[in-house]
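Accompanying notes for the structure given below.
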Amino acid sequence: MVVRKFPRFPVSAPSTLVQRDKLRYNALVKDLSLKGCRLESTLRPFTGMQVELFLQVEVDTTPIHVSKGTVRWSGAQGIGVEFLTIEAPDQERLKQMVEQLSITAGQALIVPKGELPKKC
């Protein structure tokens with residue numbers, strides 16, 4: 001069993017994954033935490049690859065922009081992305097979304113101090 005600092009919550013949210021060369025790939029976020037996500041995409045990235053991510057967590061809203069993320073793993077279960085840098089307003093929106101998911105899941109959301117992605 002994997003122990004995580006930030007619990008993941010199931011979600012089904014369309015997103016766009018952007019490679020360094022600005023190629024864009026459609027993706028579907030399958031679970032989400034304050035520090036990262038698991039998603040499915042046709043892209044087969046390598047571990048350590050730097051990506052940008054746009055998460056469409058609510059219909060008719062601007063996507064949450066993760067300006068810098070890194071691929072931590074990739075395989076049959078999808079792609080694991082750690083969020084490294086998020087603009088302050090988007091980080092707040094992400095926190096609200098994850099808090100709502102935690103309520104839906106019936107789990108308390110505990111945020112370790114100083115552990116969130118850097119704000120730009």
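Ordering of the structure tokens sets the chain letters (A, B, ...); residue numbers start at 1 within each chain; ligands are numbered from 1 in the order shown.
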
> Per DSSP on the backbone, what are the helix (DSSP H, G or I) residues of chain A, as number ranges by chain?
Replying inline: A: 88-105

Those same residues, written as a PDB file, in the first residue's frame with C-alpha atoms?
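Ended up saving to again08.pdb:
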ATOM      1  CA  ALA A  88      -1.916  31.587  -6.562  1.00  0.00           C
ATOM      2  CA  PRO A  89      -5.532  31.977  -7.810  1.00  0.00           C
ATOM      3  CA  ASP A  90      -5.398  28.566  -9.513  1.00  0.00           C
ATOM      4  CA  GLN A  91      -3.891  26.977  -6.407  1.00  0.00           C
ATOM      5  CA  GLU A  92      -6.826  28.315  -4.380  1.00  0.00           C
ATOM      6  CA  ARG A  93      -9.304  26.942  -6.931  1.00  0.00           C
ATOM      7  CA  LEU A  94      -7.531  23.567  -6.849  1.00  0.00           C
ATOM      8  CA  LYS A  95      -7.706  23.545  -3.045  1.00  0.00           C
ATOM      9  CA  GLN A  96     -11.458  24.293  -3.144  1.00  0.00           C
ATOM     10  CA  MET A  97     -12.004  21.516  -5.685  1.00  0.00           C
ATOM     11  CA  VAL A  98     -10.049  18.962  -3.663  1.00  0.00           C
ATOM     12  CA  GLU A  99     -11.844  20.025  -0.463  1.00  0.00           C
ATOM     13  CA  GLN A 100     -15.185  19.407  -2.216  1.00  0.00           C
ATOM     14  CA  LEU A 101     -13.983  16.002  -3.420  1.00  0.00           C
ATOM     15  CA  SER A 102     -12.876  15.127   0.132  1.00  0.00           C
ATOM     16  CA  ILE A 103     -16.326  16.003   1.493  1.00  0.00           C
ATOM     17  CA  THR A 104     -17.959  13.869  -1.200  1.00  0.00           C
ATOM     18  CA  ALA A 105     -15.619  10.989  -0.300  1.00  0.00           C
TER      19      ALA A 105
END

>> as a PyMOL selection string, please: the residues near A:Lys68 (cut-off 12 Å, only C-alpha atoms, same-chain neighbours under 2 positions excluded).
In response: chain A and resi 17-20+35-36+48-54+65-66+70-71+81-87+117-120

Please, could you write that set of residues out with C-alpha atoms as a compact mmCIF listing (two decimals), in the first residue's frame?
# COMPACT_ATOMS: atom_id res chain seq x y z
CA LEU A 17 -1.39 18.13 -21.30
CA VAL A 18 1.29 20.29 -22.95
CA GLN A 19 4.81 19.11 -23.69
CA ARG A 20 7.82 21.41 -23.69
CA LYS A 35 0.04 18.01 -5.17
CA GLY A 36 -0.71 15.99 -8.31
CA GLY A 48 10.93 13.21 -15.30
CA MET A 49 9.37 14.87 -18.35
CA GLN A 50 8.31 18.47 -17.67
CA VAL A 51 4.72 19.27 -18.62
CA GLU A 52 2.13 21.99 -18.37
CA LEU A 53 -1.44 21.03 -17.51
CA PHE A 54 -4.84 22.68 -17.89
CA HIS A 65 -3.39 26.05 -14.98
CA VAL A 66 -0.48 24.02 -13.62
CA THR A 70 6.73 16.64 -13.76
CA VAL A 71 5.83 13.11 -14.78
CA VAL A 81 1.99 14.09 -12.59
CA GLU A 82 3.34 16.03 -9.62
CA PHE A 83 2.35 19.71 -9.55
CA LEU A 84 5.42 21.90 -9.03
CA THR A 85 4.26 25.45 -9.84
CA ILE A 86 0.72 26.88 -9.86
CA GLU A 87 -0.42 30.53 -9.92
CA PRO A 117 3.27 23.46 -5.03
CA LYS A 118 5.13 26.76 -5.36
CA LYS A 119 3.04 29.79 -6.25
CA CYS A 120 4.28 31.99 -9.05

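Distances from A:Gly80, A:Gly106, A:Pro7, A:Gly75 to A:Cys37 were compared using only C-alpha atoms, and the smallest one belongs to A:Gly80.
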
> Hey, what does DSSP flag as strand (DSSP E) within stretch 17-108 of chain A? Can you give it to me as a count of residues only?
Replying inline: 45

> Rounded to one decimal in Å, what is the spacing between atom CA of A:Lys22 and atom CA of A:Ile64?
Replying inline: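 These atoms are spaced 17.5 Å apart.
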
> Which residues come within 8 Å of A:Ala27, counting only C-alpha atoms, excluding same-chain residues fewer than 3 positions away, as an MDAnalysis selection string?
Replying inline: chainID A and resid 14:17 39:42

Write to file, as a PDB file, in the first residue's frame, the residues of the selection just made, with C-alpha atoms.
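Once everything was written out, this is again23.pdb:
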ATOM      1  CA  PRO A  14     -11.057  16.650 -19.083  1.00  0.00           C
ATOM      2  CA  SER A  15      -7.680  18.307 -19.337  1.00  0.00           C
ATOM      3  CA  THR A  16      -4.954  19.313 -21.747  1.00  0.00           C
ATOM      4  CA  LEU A  17      -1.387  18.130 -21.296  1.00  0.00           C
ATOM      5  CA  LEU A  39      -4.531  11.005 -15.827  1.00  0.00           C
ATOM      6  CA  GLU A  40      -5.075   9.050 -19.014  1.00  0.00           C
ATOM      7  CA  SER A  41      -3.834  10.251 -22.385  1.00  0.00           C
ATOM      8  CA  THR A  42      -2.520   9.013 -25.716  1.00  0.00           C
TER       9      THR A  42
END

>> Please determine, counting only C-alpha atoms, which residue among A:Leu34, A:Val59, A:Ala76, A:Leu28 has the shortest atom-to-atom distance to A:Ala13.
In response: A:Leu28

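Here atom CA of A:Phe46 and atom CA of A:Arg24 stand 15.8 Å from one another.
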
> What does the distance from atom CA of A:Asp31 to atom CA of A:Arg8 come to in Å, to one decimal?
Replying inline: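 We find that atom CA of A:Asp31 and atom CA of A:Arg8 lie 5.9 Å from each other.
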